[in-house]
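Visitor: My structure file coords-v2.pdb, PDB, C-alpha atoms, is below:
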ATOM      1  CA  MET A  11      -5.548  29.604  -6.362
ATOM      2  CA  SER A  12      -6.826  30.895  -3.026
ATOM      3  CA  LEU A  13      -4.769  30.938   0.164
ATOM      4  CA  GLU A  14      -7.129  28.359   1.695
ATOM      5  CA  ARG A  15      -6.676  26.049  -1.294
ATOM      6  CA  ASP A  16      -2.866  26.539  -1.152
ATOM      7  CA  ILE A  17      -2.886  25.339   2.458
ATOM      8  CA  TYR A  18      -4.855  22.196   1.569
ATOM      9  CA  VAL A  19      -2.571  21.417  -1.373
ATOM     10  CA  THR A  20       0.528  21.917   0.783
ATOM     11  CA  ASN A  21      -0.922  19.481   3.295
ATOM     12  CA  GLY A  22      -1.497  16.906   0.576
ATOM     13  CA  CYS A  23      -5.290  17.021   0.528
ATOM     14  CA  SER A  24      -6.091  15.546  -2.874
ATOM     15  CA  ASN A  25      -9.676  16.769  -2.810
ATOM     16  CA  HIS A  26      -8.328  20.348  -2.838
ATOM     17  CA  SER A  27      -5.470  19.781  -5.274
ATOM     18  CA  ASP A  28      -5.163  21.872  -8.401
ATOM     19  CA  LYS A  29      -4.275  18.680 -10.319
ATOM     20  CA  ASN A  30      -6.555  15.820 -11.268
ATOM     21  CA  ARG A  31      -5.981  12.438  -9.663
ATOM     22  CA  GLU A  32      -4.738   9.675 -11.921
ATOM     23  CA  GLU A  33      -7.803   8.023 -13.471
ATOM     24  CA  ASN A  34      -7.247   4.554 -11.962
ATOM     25  CA  ASP A  35      -5.588   5.846  -8.773
ATOM     26  CA  PHE A  36      -2.193   4.557  -9.946
ATOM     27  CA  TYR A  37       0.490   6.012  -7.690
ATOM     28  CA  ALA A  38       3.626   3.849  -7.760
ATOM     29  CA  THR A  39       5.720   3.125  -4.668
ATOM     30  CA  ASN A  40       9.347   4.179  -4.691
ATOM     31  CA  PRO A  41      11.547   1.020  -4.647
ATOM     32  CA  LYS A  42      13.706   2.587  -1.911
ATOM     33  CA  ASP A  43      10.609   2.613   0.312
ATOM     34  CA  VAL A  44      10.004  -1.074  -0.473
ATOM     35  CA  LYS A  45      13.605  -1.965   0.444
ATOM     36  CA  LEU A  46      12.974  -0.542   3.923
ATOM     37  CA  LEU A  47      10.722  -3.546   4.597
ATOM     38  CA  PHE A  48      13.904  -5.635   4.632
ATOM     39  CA  THR A  49      16.560  -3.201   5.841
ATOM     40  CA  GLU A  50      14.779  -1.232   8.572
ATOM     41  CA  CYS A  51      11.567  -3.085   9.347
ATOM     42  CA  GLY A  52      13.357  -6.440   9.416
ATOM     43  CA  LEU A  53      10.228  -8.253   8.296
ATOM     44  CA  THR A  54      10.271 -11.857   7.179
ATOM     45  CA  PHE A  55       7.853 -12.979   4.511
ATOM     46  CA  ASP A  56       6.371 -16.160   3.136
ATOM     47  CA  LYS A  57       8.287 -17.310   0.035
ATOM     48  CA  ASN A  58       5.123 -16.631  -2.019
ATOM     49  CA  ILE A  59       4.087 -13.007  -2.471
ATOM     50  CA  LEU A  60       0.995 -11.660  -4.196
ATOM     51  CA  GLU A  61       1.191  -8.119  -5.561
ATOM     52  CA  PRO A  62      -2.401  -7.477  -6.690
ATOM     53  CA  CYS A  63      -1.766  -3.883  -7.904
ATOM     54  CA  ALA A  64       1.595  -4.400  -9.591
ATOM     55  CA  GLY A  65       1.483  -1.370 -11.886
ATOM     56  CA  ASN A  66       4.986  -0.999 -13.320
ATOM     57  CA  GLY A  67       6.457  -3.556 -10.913
ATOM     58  CA  HIS A  68       8.030  -1.194  -8.387
ATOM     59  CA  ILE A  69       7.183  -3.467  -5.425
ATOM     60  CA  ALA A  70       7.389  -6.779  -7.284
ATOM     61  CA  LYS A  71      10.914  -6.135  -8.600
ATOM     62  CA  VAL A  72      12.301  -5.562  -5.098
ATOM     63  CA  PHE A  73      10.761  -8.797  -3.821
ATOM     64  CA  LYS A  74      12.018 -10.753  -6.839
ATOM     65  CA  GLU A  75      15.508  -9.329  -6.285
ATOM     66  CA  ASN A  76      15.300 -10.724  -2.751
ATOM     67  CA  GLY A  77      14.434 -14.229  -3.956
ATOM     68  CA  TYR A  78      10.659 -14.325  -3.518
ATOM     69  CA  ASN A  79       8.118 -15.965  -5.842
ATOM     70  CA  VAL A  80       5.935 -13.021  -6.827
ATOM     71  CA  THR A  81       2.550 -13.316  -8.499
ATOM     72  CA  CYS A  82       1.586 -10.015 -10.143
ATOM     73  CA  GLY A  83      -1.845  -8.781 -11.051
ATOM     74  CA  ASP A  84      -3.425  -5.449 -11.889
ATOM     75  CA  LEU A  85      -6.571  -3.947 -13.327
ATOM     76  CA  LEU A  86      -4.668  -2.875 -16.454
ATOM     77  CA  GLN A  87      -1.629  -4.191 -18.304
ATOM     78  CA  ARG A  88       1.019  -1.491 -18.088
ATOM     79  CA  GLU A  89       4.764  -1.798 -18.801
ATOM     80  CA  TYR A  90       5.452  -4.602 -16.316
ATOM     81  CA  PRO A  91       4.479  -8.174 -17.285
ATOM     82  CA  LEU A  92       1.558  -9.476 -15.236
ATOM     83  CA  ASP A  93       0.488 -12.979 -14.316
ATOM     84  CA  LYS A  94      -3.122 -11.821 -14.493
ATOM     85  CA  VAL A  95      -5.151  -8.815 -15.517
ATOM     86  CA  TRP A  96      -7.979  -8.735 -12.998
ATOM     87  CA  ASN A  97     -10.207  -6.921 -10.624
ATOM     88  CA  PHE A  98      -8.658  -8.141  -7.371
ATOM     89  CA  LEU A  99     -11.747  -7.391  -5.288
ATOM     90  CA  GLU A 100     -13.962  -9.481  -7.564
ATOM     91  CA  ASP A 101     -11.613 -12.131  -8.974
ATOM     92  CA  ALA A 102      -9.111 -13.073  -6.259
ATOM     93  CA  THR A 103      -9.449 -16.424  -4.506
ATOM     94  CA  GLU A 104      -7.350 -18.140  -1.822
ATOM     95  CA  PHE A 105      -3.651 -17.298  -1.822
ATOM     96  CA  ASN A 106      -1.139 -19.303   0.186
ATOM     97  CA  GLY A 107       1.387 -16.588   1.008
ATOM     98  CA  ASP A 108       1.720 -12.924   1.960
ATOM     99  CA  ILE A 109       0.165  -9.980   0.129
ATOM    100  CA  VAL A 110       2.182  -6.786  -0.347
ATOM    101  CA  THR A 111       0.842  -3.808  -2.295
ATOM    102  CA  ASN A 112       0.077  -0.130  -2.605
ATOM    103  CA  PRO A 113      -3.657  -0.300  -3.323
ATOM    104  CA  PRO A 114      -5.845   2.392  -4.865
ATOM    105  CA  TYR A 115      -6.388   4.589  -1.843
ATOM    106  CA  ASN A 116     -10.123   5.009  -2.457
ATOM    107  CA  LEU A 117     -10.448   1.186  -2.175
ATOM    108  CA  ALA A 118      -7.766   0.531   0.445
ATOM    109  CA  THR A 119     -10.153  -0.692   3.144
ATOM    110  CA  GLU A 120     -11.741  -3.156   0.742
ATOM    111  CA  PHE A 121      -8.277  -4.361  -0.352
ATOM    112  CA  VAL A 122      -7.234  -5.037   3.241
ATOM    113  CA  ILE A 123     -10.445  -6.928   4.025
ATOM    114  CA  LYS A 124     -10.266  -9.001   0.830
ATOM    115  CA  SER A 125      -6.565  -9.756   1.396
ATOM    116  CA  LEU A 126      -7.159 -10.965   4.953
ATOM    117  CA  ASP A 127     -10.040 -13.110   3.701
ATOM    118  CA  ILE A 128      -7.944 -15.027   1.156
ATOM    119  CA  ILE A 129      -4.732 -15.812   3.091
ATOM    120  CA  PRO A 130      -4.111 -18.465   5.776
ATOM    121  CA  ASN A 131      -3.764 -17.675   9.496
ATOM    122  CA  GLY A 132      -0.292 -16.404  10.351
ATOM    123  CA  ASN A 133       0.291 -14.795   6.954
ATOM    124  CA  LYS A 134       0.707 -11.076   6.383
ATOM    125  CA  VAL A 135      -1.012  -8.296   4.484
ATOM    126  CA  VAL A 136       1.385  -5.383   4.013
ATOM    127  CA  MET A 137       0.044  -2.137   2.562
ATOM    128  CA  PHE A 138       1.719   1.160   1.701
ATOM    129  CA  LEU A 139      -0.853   3.744   2.811
ATOM    130  CA  LYS A 140      -1.261   7.316   3.923
ATOM    131  CA  LEU A 141      -0.986   7.895   7.652
ATOM    132  CA  THR A 142      -4.528   9.281   7.518
ATOM    133  CA  PHE A 143      -5.716   5.706   6.874
ATOM    134  CA  LEU A 144      -5.854   5.467  10.686
ATOM    135  CA  GLU A 145      -8.732   7.950  10.668
ATOM    136  CA  SER A 146     -12.367   7.315   9.694
ATOM    137  CA  LYS A 147     -15.444   5.769  11.252
ATOM    138  CA  LYS A 148     -15.726   3.587   8.150
ATOM    139  CA  ARG A 149     -12.432   1.818   8.965
ATOM    140  CA  LYS A 150     -13.007   1.372  12.702
ATOM    141  CA  PRO A 151     -14.539  -2.127  12.273
ATOM    142  CA  LEU A 152     -11.395  -3.147  10.372
ATOM    143  CA  PHE A 153      -9.201  -1.980  13.245
ATOM    144  CA  ASP A 154     -11.507  -3.645  15.778
ATOM    145  CA  THR A 155     -10.517  -7.051  14.327
ATOM    146  CA  LYS A 156      -7.161  -6.599  16.137
ATOM    147  CA  GLN A 157      -5.208  -8.012  13.179
ATOM    148  CA  LEU A 158      -3.211  -4.828  12.530
ATOM    149  CA  LYS A 159       0.124  -5.750  14.083
ATOM    150  CA  THR A 160       2.644  -3.024  13.208
ATOM    151  CA  ILE A 161       2.667   0.405  11.585
ATOM    152  CA  TYR A 162       6.012   1.625  10.245
ATOM    153  CA  VAL A 163       5.759   5.407   9.932
ATOM    154  CA  PHE A 164       8.134   7.243   7.603
ATOM    155  CA  THR A 165      10.025   9.939   9.503
ATOM    156  CA  ASN A 166      11.008  11.582   6.204
ATOM    157  CA  ARG A 167       8.314  12.442   3.709
ATOM    158  CA  THR A 168       8.280  10.325   0.580
ATOM    159  CA  ALA A 169       6.195  10.565  -2.576
ATOM    160  CA  CYS A 170       4.448   8.189  -4.921
ATOM    161  CA  ALA A 171       4.857   8.436  -8.673
ATOM    162  CA  LYS A 172       1.614   9.572 -10.290
ATOM    163  CA  ASN A 173       0.793   7.194 -13.146
ATOM    164  CA  GLY A 174       4.131   5.455 -12.449
ATOM    165  CA  GLU A 175       6.183   8.428 -13.674
ATOM    166  CA  GLU A 176       9.373   8.193 -11.615
ATOM    167  CA  LYS A 177      10.039  11.922 -11.882
ATOM    168  CA  TYR A 178       7.525  12.257  -9.025
ATOM    169  CA  PHE A 179       9.611  10.188  -6.590
ATOM    170  CA  GLY A 180      11.169  12.312  -3.873
ATOM    171  CA  ALA A 181       9.780  14.239  -0.923
ATOM    172  CA  GLY A 182       6.074  14.943  -0.884
ATOM    173  CA  ALA A 183       3.465  16.616   1.263
ATOM    174  CA  VAL A 184       1.750  13.397   2.359
ATOM    175  CA  ALA A 185       2.810  11.252   5.335
ATOM    176  CA  TYR A 186       2.994   7.508   4.576
ATOM    177  CA  ALA A 187       3.472   4.283   6.500
ATOM    178  CA  TRP A 188       3.775   0.564   5.889
ATOM    179  CA  TYR A 189       0.836  -1.163   7.605
ATOM    180  CA  VAL A 190       1.319  -4.816   8.534
ATOM    181  CA  TRP A 191      -1.657  -7.031   9.315
ATOM    182  CA  GLU A 192      -1.144 -10.612  10.447
ATOM    183  CA  LYS A 193      -4.162 -12.851  10.035
ATOM    184  CA  GLY A 194      -5.150 -14.273  13.401
ATOM    185  CA  TYR A 195      -3.115 -11.750  15.419
ATOM    186  CA  ASN A 196      -5.152 -10.550  18.393
ATOM    187  CA  GLY A 197      -3.511  -7.572  20.024
ATOM    188  CA  ASP A 198      -2.881  -3.877  19.815
ATOM    189  CA  PRO A 199      -0.712  -2.524  17.008
ATOM    190  CA  ILE A 200       2.835  -1.361  17.615
ATOM    191  CA  ILE A 201       4.024   1.857  16.006
ATOM    192  CA  LYS A 202       7.629   2.094  14.824
ATOM    193  CA  TRP A 203       9.442   4.771  12.869
ATOM    194  CA  ILE A 204      11.642   4.158   9.813
ATOM    195  CA  ASN A 205      14.084   6.077   7.586
TER     196      ASN A 205
END
Rewrite the coordinates I just gave you, this time as structure tokens.
Guide:
Amino acid sequence: MSLERDIYVTNGCSNHSDKNREENDFYATNPKDVKLLFTECGLTFDKNILEPCAGNGHIAKVFKENGYNVTCGDLLQREYPLDKVWNFLEDATEFNGDIVTNPPYNLATEFVIKSLDIIPNGNKVVMFLKLTFLESKKRKPLFDTKQLKTIYVFTNRTACAKNGEEKYFGAGAVAYAWYVWEKGYNGDPIIKWIN
């Protein structure tokens, strides 16, 4: 591997990585990072939660442990029992609750837009995304809607589990944040730091 490529890999640039990305972009969220939504972010949620990319249930389990009604879907049936196997972007209809997920990063913008479209005013869309999600001309119209309310940036690096393999949890090279949209919110986002 060249020095230039080493630098990109160290900085978490997947397009320069010496490893292939997981075929369906399945990178599971560490449950400890989900728990921060309650312990450090202090967020309150609707009693009904939709997890459209449930994978192995890493997010859904934490919400269920905290007493929420969680509806789980995913493109593929993995180890965790799903309520529906679906293509969220094509199949999802109205949902009366909040949506919390770690979407496939290459479709994250579409997941945010679809999620905001199907929930009522005042409800939340909470996504675990790279900090670089804030960049891009493509996403500027999404940010112009003013519905992004809070960004919770991780002060310590965390890592997602490629293909749900928990051995990958730990510190990584990529900076992540929880992004919280509130449908109908009309203001500038607030940035906070967690963990």
Visitor: For the provided coordinates, the residues matched by the PyMOL selection byres ((chain A and resi 66-74) around 9) should be stated as a ChimeraX atom specification.
Guide: /A:38-42,44-45,59-61,63-65,75-82,87-92,110-112,174
Visitor: Residue by residue, what does the PyMOL selection byres ((chain A and resi 93-108) around 8) grab here? Present the result as a short mmCIF file (atom, residue, chain, number, x, y, z; two decimals) with C-alpha atoms, keeping the file's coordinate frame.
Guide:
data_model
loop_
_atom_site.label_atom_id
_atom_site.label_comp_id
_atom_site.auth_asym_id
_atom_site.auth_seq_id
_atom_site.Cartn_x
_atom_site.Cartn_y
_atom_site.Cartn_z
CA PHE A 55 7.85 -12.98 4.51
CA ASP A 56 6.37 -16.16 3.14
CA LYS A 57 8.29 -17.31 0.04
CA ASN A 58 5.12 -16.63 -2.02
CA ILE A 59 4.09 -13.01 -2.47
CA LEU A 60 1.00 -11.66 -4.20
CA PRO A 62 -2.40 -7.48 -6.69
CA THR A 81 2.55 -13.32 -8.50
CA CYS A 82 1.59 -10.02 -10.14
CA GLY A 83 -1.84 -8.78 -11.05
CA ASP A 84 -3.42 -5.45 -11.89
CA LEU A 85 -6.57 -3.95 -13.33
CA LEU A 86 -4.67 -2.88 -16.45
CA GLN A 87 -1.63 -4.19 -18.30
CA PRO A 91 4.48 -8.17 -17.28
CA LEU A 92 1.56 -9.48 -15.24
CA ILE A 109 0.16 -9.98 0.13
CA VAL A 110 2.18 -6.79 -0.35
CA GLU A 120 -11.74 -3.16 0.74
CA PHE A 121 -8.28 -4.36 -0.35
CA LYS A 124 -10.27 -9.00 0.83
CA ASP A 127 -10.04 -13.11 3.70
CA ILE A 128 -7.94 -15.03 1.16
CA ILE A 129 -4.73 -15.81 3.09
CA PRO A 130 -4.11 -18.46 5.78
CA ASN A 133 0.29 -14.80 6.95
CA LYS A 134 0.71 -11.08 6.38
CA VAL A 135 -1.01 -8.30 4.48
CA VAL A 136 1.38 -5.38 4.01
#
Visitor: Any idea what the distance is between CA of Cys51 (chain A) and CA of Lys147 (chain A)?
Guide: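 Calculated distance between CA of Cys51 (chain A) and CA of Lys147 (chain A) is 28.5 Å.
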Visitor: Please evaluate the PyMOL selection byres ((chain A and resi 142) around 12) against the structure above and give the resulting residues as a PyMOL selection string.
Guide: chain A and resi 21-23+115+118+138-141+143-146+149+163+184-187+189
Visitor: Just checking: using only C-alpha atoms, which residue out of A:Ser125, A:Ile161, A:Ala169, A:Lys150 ends up closest to Lys193 (chain A)?
Guide: A:Ser125
Visitor: Just the number, please: distance in Å from CA of Thr165 (chain A) to CA of Thr54 (chain A), one decimal.
Guide: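 Distance reported for this atom pair: 21.9 Å.
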Visitor: Please indicate the distance in Å from CA of Asn205 (chain A) to CA of Asn166 (chain A), rounded to one decimal place.
Guide: 6.5 Å
